[in-house]
Structure formats: C-alpha cells, structure tokens
$ cat model.cif   # mmCIF, C-alpha atoms
data_final
loop_
_atom_site.label_atom_id
_atom_site.label_comp_id
_atom_site.auth_asym_id
_atom_site.auth_seq_id
_atom_site.Cartn_x
_atom_site.Cartn_y
_atom_site.Cartn_z
CA MET A 1 68.31 20.51 93.11
CA ILE A 2 65.24 18.35 92.49
CA LYS A 3 65.21 16.76 89.05
CA PHE A 4 62.34 15.69 86.79
CA ALA A 5 62.49 14.32 83.25
CA VAL A 6 60.54 13.22 80.22
CA ILE A 7 61.72 10.18 78.27
CA GLY A 8 60.84 8.88 74.83
CA ASP A 9 62.24 7.69 71.52
CA PRO A 10 62.45 10.19 69.83
CA ILE A 11 62.25 13.04 72.35
CA ALA A 12 63.95 16.12 70.82
CA HIS A 13 60.56 17.44 69.63
CA SER A 14 59.04 17.49 73.13
CA LEU A 15 57.44 20.74 74.32
CA SER A 16 57.20 19.46 77.89
CA PRO A 17 60.48 20.93 79.23
CA ALA A 18 59.46 24.50 78.34
CA MET A 19 56.04 24.03 79.91
CA GLN A 20 57.17 22.20 83.04
CA ASN A 21 60.11 24.48 83.78
CA ALA A 22 57.77 27.46 83.60
CA GLY A 23 55.51 25.75 86.13
CA ILE A 24 58.46 24.94 88.39
CA ARG A 25 59.67 28.56 88.29
CA GLU A 26 56.20 29.85 89.09
CA LEU A 27 56.02 27.54 92.13
CA GLY A 28 59.43 28.76 93.30
CA ILE A 29 60.88 25.25 93.51
CA ASP A 30 64.61 24.60 93.19
CA ALA A 31 64.20 22.05 90.43
CA GLU A 32 64.74 21.38 86.73
CA TYR A 33 62.89 19.32 84.12
CA PHE A 34 64.77 17.93 81.12
CA ALA A 35 64.21 15.62 78.16
CA GLU A 36 66.22 12.40 77.89
CA HIS A 37 66.38 10.12 74.88
CA VAL A 38 65.83 6.57 76.15
CA ARG A 39 65.59 3.56 73.84
CA HIS A 40 63.58 0.45 74.66
CA ASP A 41 66.62 -1.57 75.72
CA GLU A 42 67.70 1.24 78.06
CA LEU A 43 64.49 1.37 80.14
CA ARG A 44 65.75 -0.91 82.91
CA GLU A 45 68.95 1.10 83.35
CA PHE A 46 67.06 4.40 83.26
CA THR A 47 64.52 3.36 85.90
CA GLU A 48 67.27 2.15 88.23
CA GLN A 49 68.99 5.51 87.91
CA ALA A 50 65.67 7.31 88.40
CA ARG A 51 65.18 5.63 91.78
CA ARG A 52 68.28 7.46 93.02
CA GLY A 53 68.38 10.65 90.97
CA LEU A 54 64.85 11.82 90.08
CA ALA A 55 61.72 12.95 91.94
CA GLY A 56 59.53 12.01 88.99
CA PHE A 57 59.40 11.58 85.24
CA ASN A 58 57.03 11.55 82.29
CA ILE A 59 56.96 8.89 79.59
CA THR A 60 55.95 9.49 75.99
CA VAL A 61 55.82 7.23 72.93
CA PRO A 62 56.72 4.47 72.52
CA HIS A 63 57.36 3.55 76.17
CA LYS A 64 54.00 4.11 77.93
CA ASN A 65 53.34 0.38 78.11
CA ALA A 66 56.92 -0.91 78.07
CA ILE A 67 57.79 1.04 81.23
CA ILE A 68 55.27 -0.84 83.39
CA PRO A 69 57.37 -3.96 84.26
CA PHE A 70 60.06 -1.72 85.75
CA LEU A 71 57.70 0.04 88.19
CA ASP A 72 56.80 -0.97 91.75
CA GLU A 73 53.14 0.00 91.64
CA ILE A 74 50.64 1.44 89.15
CA SER A 75 47.15 2.93 89.46
CA LYS A 76 43.99 1.02 88.53
CA GLU A 77 43.46 3.37 85.60
CA SER A 78 46.97 2.63 84.30
CA GLU A 79 46.38 -1.08 84.75
CA VAL A 80 43.16 -1.02 82.73
CA ALA A 81 44.69 1.22 80.07
CA GLY A 82 48.03 -0.60 79.96
CA SER A 83 49.60 2.85 79.89
CA VAL A 84 51.72 4.99 82.22
CA ASN A 85 52.82 8.52 81.39
CA THR A 86 53.75 9.78 84.88
CA VAL A 87 56.02 8.18 87.48
CA THR A 88 56.51 9.55 90.99
CA VAL A 89 59.62 8.51 92.92
CA ARG A 90 59.14 8.07 96.67
CA SER A 91 61.94 6.66 98.84
CA GLY A 92 63.41 4.88 95.84
CA ARG A 93 60.12 3.31 94.76
CA LEU A 94 58.44 4.03 91.43
CA TYR A 95 54.69 4.71 91.33
CA GLY A 96 53.09 4.83 87.88
CA ASP A 97 49.95 6.71 86.87
CA THR A 98 48.40 8.13 83.73
CA THR A 99 47.31 11.75 83.39
CA ASP A 100 46.45 11.53 79.67
CA GLY A 101 42.75 10.93 80.31
CA TYR A 102 42.54 13.76 82.81
CA GLY A 103 44.36 16.06 80.37
CA LEU A 104 41.99 15.23 77.54
CA ALA A 105 38.94 15.66 79.77
CA GLN A 106 40.12 19.12 80.82
CA ALA A 107 40.83 20.01 77.18
CA LEU A 108 37.30 18.96 76.16
CA LYS A 109 35.85 21.03 79.01
CA GLU A 110 37.84 24.07 77.85
CA ALA A 111 37.11 23.69 74.15
CA PHE A 112 33.49 22.55 74.21
CA ASP A 113 32.26 22.86 77.83
CA PHE A 114 31.87 19.07 77.65
CA GLU A 115 31.22 16.98 80.77
CA LEU A 116 32.27 13.34 80.82
CA LYS A 117 29.50 12.04 83.08
CA GLY A 118 26.72 10.79 80.83
CA GLY A 119 28.63 11.71 77.69
CA ARG A 120 29.08 9.59 74.57
CA ILE A 121 32.48 9.63 72.91
CA THR A 122 33.93 8.10 69.75
CA PHE A 123 37.66 7.33 69.58
CA ILE A 124 39.15 7.19 66.09
CA GLY A 125 42.21 5.00 66.67
CA CYS A 126 43.01 2.97 69.78
CA GLY A 127 46.68 3.58 70.53
CA GLY A 128 48.20 4.42 73.90
CA ALA A 129 46.56 7.83 74.31
CA ALA A 130 43.15 6.41 73.44
CA HIS A 131 43.61 3.54 75.92
CA ALA A 132 44.43 5.95 78.72
CA ALA A 133 41.65 8.40 77.85
CA ALA A 134 39.01 5.69 77.43
CA ALA A 135 39.89 4.20 80.83
CA TYR A 136 39.63 7.63 82.48
CA PHE A 137 36.37 8.46 80.71
CA ALA A 138 34.87 5.14 81.79
CA SER A 139 35.97 5.74 85.39
CA GLN A 140 34.26 9.15 85.33
CA GLY A 141 30.86 7.83 84.26
CA ALA A 142 30.77 8.21 80.47
CA ALA A 143 27.51 6.71 79.21
CA GLY A 144 28.98 5.13 76.09
CA LEU A 145 32.29 4.72 74.29
CA PHE A 146 32.74 3.85 70.61
CA LEU A 147 36.13 2.53 69.49
CA ILE A 148 37.12 2.67 65.81
CA ASN A 149 40.40 0.93 65.04
CA ARG A 150 42.30 -0.67 62.17
CA THR A 151 42.76 -3.84 64.23
CA VAL A 152 39.36 -4.70 65.68
CA ALA A 153 40.75 -7.38 68.02
CA LYS A 154 42.89 -4.80 69.83
CA ALA A 155 39.95 -2.44 70.24
CA GLU A 156 37.77 -5.29 71.49
CA GLU A 157 40.42 -6.22 74.05
CA LEU A 158 40.29 -2.68 75.44
CA ALA A 159 36.50 -2.67 75.30
CA GLU A 160 36.31 -5.84 77.39
CA LYS A 161 38.63 -4.36 80.01
CA LEU A 162 36.45 -1.25 80.25
CA ARG A 163 33.24 -3.26 80.53
CA SER A 164 34.76 -5.48 83.21
CA ALA A 165 36.38 -2.69 85.26
CA TYR A 166 33.70 -0.01 85.03
CA GLY A 167 30.56 -1.54 83.51
CA THR A 168 30.71 0.95 80.65
CA ALA A 169 28.80 0.35 77.41
CA VAL A 170 31.46 0.02 74.70
CA ARG A 171 31.10 -0.77 71.00
CA VAL A 172 33.85 -1.46 68.46
CA CYS A 173 34.26 -1.37 64.68
CA ALA A 174 36.95 -1.26 61.98
CA LEU A 175 38.26 1.92 60.33
CA ASP A 176 36.72 0.89 57.01
CA ASP A 177 33.25 -0.03 58.36
CA THR A 178 31.44 3.08 57.14
CA ALA A 179 27.97 2.00 58.24
CA GLU A 180 29.05 1.42 61.85
CA ILE A 181 31.22 4.55 61.90
CA ALA A 182 28.29 6.65 60.72
CA GLU A 183 26.13 5.23 63.50
CA PHE A 184 28.81 5.73 66.16
CA LEU A 185 29.33 9.36 65.16
CA LYS A 186 25.62 10.07 65.02
CA CYS A 187 25.26 8.76 68.59
CA SER A 188 28.27 10.68 69.96
CA ASP A 189 28.71 14.11 71.51
CA VAL A 190 32.43 14.21 70.74
CA ALA A 191 34.81 12.41 68.36
CA ILE A 192 38.49 12.19 69.28
CA GLN A 193 41.08 11.68 66.54
CA CYS A 194 43.82 9.52 68.11
CA THR A 195 45.62 8.11 65.06
CA SER A 196 48.98 9.43 63.83
CA LEU A 197 47.44 10.31 60.45
CA GLY A 198 47.96 14.01 59.85
CA LEU A 199 51.51 14.26 61.17
CA LYS A 200 52.74 14.27 57.57
CA PRO A 201 51.28 16.68 54.97
CA GLU A 202 50.49 13.83 52.57
CA ASP A 203 48.59 11.74 55.14
CA PRO A 204 44.99 10.85 54.29
CA ALA A 205 42.11 11.25 56.74
CA PRO A 206 41.57 8.24 59.04
CA ILE A 207 37.88 7.92 58.09
CA ASP A 208 35.49 9.11 55.39
CA LEU A 209 35.03 12.73 56.54
CA SER A 210 31.59 12.99 54.92
CA LEU A 211 30.39 10.78 57.79
CA LEU A 212 30.92 13.56 60.34
CA PRO A 213 27.50 14.87 61.41
CA GLU A 214 26.96 18.61 61.90
CA THR A 215 26.00 17.96 65.53
CA ILE A 216 29.36 16.53 66.66
CA LYS A 217 32.43 18.20 68.17
CA VAL A 218 35.90 17.00 67.16
CA TYR A 219 39.13 16.94 69.14
CA ASP A 220 42.35 16.07 67.31
CA THR A 221 45.21 14.92 69.55
CA ILE A 222 47.68 16.07 66.88
CA TYR A 223 48.78 19.74 67.08
CA LYS A 224 48.86 20.34 63.32
CA LYS A 225 45.92 21.13 61.02
CA THR A 226 45.14 17.58 59.91
CA PRO A 227 42.62 16.64 57.19
CA ILE A 228 39.88 16.07 59.78
CA PHE A 229 40.63 19.43 61.45
CA ARG A 230 40.50 21.27 58.10
CA GLU A 231 37.22 19.55 57.20
CA CYS A 232 35.70 20.66 60.49
CA GLU A 233 36.81 24.25 59.86
CA ARG A 234 35.35 24.13 56.36
CA ARG A 235 31.97 22.89 57.59
CA GLY A 236 31.80 24.91 60.80
CA ILE A 237 32.03 21.86 63.07
CA PRO A 238 33.54 22.80 66.46
CA CYS A 239 37.11 21.45 66.64
CA ALA A 240 40.28 21.82 68.69
CA ASN A 241 43.85 20.48 68.55
CA GLY A 242 45.99 18.59 71.05
CA LEU A 243 47.88 21.43 72.77
CA ALA A 244 45.42 21.80 75.65
CA MET A 245 45.57 18.06 76.33
CA LEU A 246 49.37 18.29 76.58
CA LEU A 247 49.03 21.27 78.92
CA HIS A 248 46.59 19.67 81.33
CA GLN A 249 48.20 16.23 81.46
CA GLY A 250 51.49 17.96 82.23
CA ALA A 251 49.92 20.17 84.89
CA ARG A 252 48.43 17.11 86.57
CA SER A 253 51.84 15.39 86.55
CA LEU A 254 53.39 18.41 88.27
CA GLU A 255 50.65 18.28 90.91
CA LEU A 256 51.32 14.60 91.57
CA TRP A 257 55.02 15.30 92.07
CA THR A 258 54.75 18.48 94.17
CA CYS A 259 51.38 17.99 95.95
CA ARG A 260 50.62 21.61 95.00
CA PRO A 261 48.17 23.12 92.49
CA ALA A 262 49.86 23.61 89.13
CA PRO A 263 50.21 27.17 87.77
CA VAL A 264 48.28 26.30 84.62
CA GLU A 265 48.29 29.74 82.99
CA ALA A 266 52.06 30.17 83.34
CA MET A 267 52.51 26.72 81.82
CA ARG A 268 50.07 27.51 79.01
CA LYS A 269 51.95 30.69 78.11
CA ALA A 270 55.28 28.85 77.93
CA LEU A 271 53.77 25.97 75.96
CA ASN A 272 52.21 28.27 73.39
CA ALA A 273 55.49 30.16 73.00
CA ALA A 274 57.46 26.93 72.53
CA TYR A 275 54.89 25.66 70.01
CA ALA A 276 55.06 28.91 68.03
CA LYS A 277 58.82 28.39 67.56
CA LYS A 278 58.42 24.89 66.11
#
$ encode --input "model.cif" --output "structure tokens"
Amino acid sequence: MIKFAVIGDPIAHSLSPAMQNAGIRELGIDAEYFAEHVRHDELREFTEQARRGLAGFNITVPHKNAIIPFLDEISKESEVAGSVNTVTVRSGRLYGDTTDGYGLAQALKEAFDFELKGGRITFIGCGGAAHAAAAYFASQGAAGLFLINRTVAKAEELAEKLRSAYGTAVRVCALDDTAEIAEFLKCSDVAIQCTSLGLKPEDPAPIDLSLLPETIKVYDTIYKKTPIFRECERRGIPCANGLAMLLHQGARSLELWTCRPAPVEAMRKALNAAYAKK
C-alpha cells in the first residue's frame, strides 16, 4: 500500500486526512493518508523514515520553513517564500514544493471570480501562508502586493525577495499604520486575512475594520467567523473563509504525487462533512 501523510505540531485538528482519503478512493489507488504528530526535534528522523516509507507528505504549522534543510531539492517558489507544504518522494529523494499559493488563487477564483494577473492584493499578516501565497501571486503576474505586518522588517524582507525574483511592485506597512493601511486597501481588489487573530472568540480584529472600503473583497484564511468576516457580512462586503484554500492546496498536492487530475468535488464533499463535525 502506498502511504502519504501530513505532519505538524499540533496535528489532531487536521481535516486533510478526510479530504485526501476521499480523493484517493475516488482515484482507485491502493493508498492511505494519515496525520502524524511530529515535533521540531523529530523532523530529521521523520524525513529519513519518509525516504523509505512514504510516497509524499504535507507539512503544516509550524514546520513549513523548518523542513527545508532536510529536503534534497525545493522549487523556486518555495525558495522565495521560505515555505514548503508538499514533499514528493522519488527514489528516496525528497522534493519540496508549496501549493498554498495555488490553493488560495483557486479559492479567490471560486469565491470572487478573481484573476491574479494584473490584480492588486493586500495581505494582512505575513506568516508562512502569506509568504507562500505572495510568492505565487508574484510569479503569476500580480500588478501589486501590499504587505501589512506587525514586524515591518520581516515584511520588507519578503518584499525584497519578491521584487528581486519577479520584479513585482510591493509595498509594506505596520499593522497600526492606519493611513497606509487605508491607502493599501483602497488600491486593492482583494484583502487576505492571514493572521491567527480570530481563532479564539475573544480575539480582536487585526486592523481597524472601518478602513475596509465597500469596493474590496475579503478572504479570511481562518475557517471560523472572525471579526473581519462578521464585519464584511454586516456591511455586505463580499467575503469567504479558508476552507476552499485548504481544498485546492490539498488537491494540487495529490496531483503532484499521483500525476493525475485530482477529484476535487469528491474531496470537497468529504472536507465539508469533516468540517461540519468539528
């Protein structure tokens, strides 16, 4: 039996096994996909075992960057982003890639009929998912990217990589710089909420929500109804949550491993069912 996995710390909450196993069944492959709890100090041991026992694996927080030194090769997009979420095992060698940006792009297309080429996008928060998505968006011809982050130096580091690798116009500001945030949002087609704020009921919004213009569309990478999501609903601003991003990044991973088109609708059905049980 072929084996695939997803690793993280924690990992018990992951919806990926339900989604991926549904895709595997639909393709008629003799395989299984499972979640494995791997701590930071166990990454070396896990990757050595993966060379012999797995056909591929996904990586979720907090290992998307930490996994890179243990891989044999990574894609340009992963190199720019400093993030890997998908590893393919071929003849004992580990090839790293990121499908987060692709997954988010497909989710934006589904939710808002939004095309990356020529688009202008604001990222609220610059963690691993934002790094991967920004790199993908730049590679696909986005006209402008705006990065809002608590630590400006980290956002500027990413911005410089994107300018150097793709020639993309990128601007940066702090989470408390309301004047710049207002300008970024006014210039953008889509805003993407990439912080962890909203995971807990008592979490505040990451920015002053009165700055959201009526003309923008908002995608929240969190699955729950966060403060920014609720504000969009209240004001009639188009918004969507992170489930479709999870679906499409996972579907792309399955395609990389199997070299076959992923059965997206079967995976969507299983994902929605697993989410409803949470």
$ closest_residue --input "model.cif" --among "A:Lys109, A:Arg234, A:Lys200, A:His131" --to "Gly82 of chain A" --atoms "only C-alpha atoms"
A:His131
$ residues_around --input "model.cif" --residues "Thr258 of chain A" --least-positions-apart "5" --cutoff "10 Å" --atoms "all atoms listed in the file" --output "MDAnalysis selection string"
chainID A and resid 24 27 29 55:56 88 252:253
$ write_last_selection --input "model.cif" --atoms "C-alpha atoms" --output "CSV table (one decimal), in the frame of the given file"
chain,number,residue,atom,x,y,z
A,24,ILE,CA,58.5,24.9,88.4
A,27,LEU,CA,56.0,27.5,92.1
A,29,ILE,CA,60.9,25.2,93.5
A,55,ALA,CA,61.7,13.0,91.9
A,56,GLY,CA,59.5,12.0,89.0
A,88,THR,CA,56.5,9.6,91.0
A,252,ARG,CA,48.4,17.1,86.6
A,253,SER,CA,51.8,15.4,86.6
$ atom_distance --input "model.cif" --atom1 "atom CA of Asp176 of chain A" --atom2 "atom CA of Val80 of chain A"
26.6 Å
$ closest_residue --input "model.cif" --among "A:Glu156, A:Trp257, A:Ala107, A:Asp203" --to "Asn241 of chain A" --atoms "all atoms listed in the file"
A:Ala107
$ atom_distance --input "model.cif" --atom1 "atom CA of Glu45 of chain A" --atom2 "atom CA of Lys64 of chain A"
16.2 Å
$ closest_residue --input "model.cif" --among "A:Ala159, A:Ala165, A:Ala129, A:Ile121" --to "Phe184 of chain A" --atoms "all atoms listed in the file"
A:Ile121
$ resolve_selection --input "model.cif" --expression "the PyMOL selection byres ((chain A and resi 144) around 6)" --output "list of chain:residue names"
A:Arg120, A:Ala142, A:Ala143, A:Leu145, A:Ala169, A:Val170
$ residues_near_point --input "model.cif" --point "(35.1, -0.1, 66.6)" --cutoff "10 Å" --atoms "all atoms listed in the file" --output "PyMOL selection string"
chain A and resi 122-126+145-156+159+170-177+180-181+184
$ residues_around --input "model.cif" --residues "Thr178 of chain A" --least-positions-apart "5" --cutoff "9 Å" --atoms "all atoms listed in the file" --output "PyMOL selection string"
chain A and resi 183+207-208+211
$ resolve_selection --input "model.cif" --expression "the PyMOL selection byres ((chain A and resi 226) around 9)" --output "PyMOL selection string"
chain A and resi 197-201+203-205+220+222-225+227-231
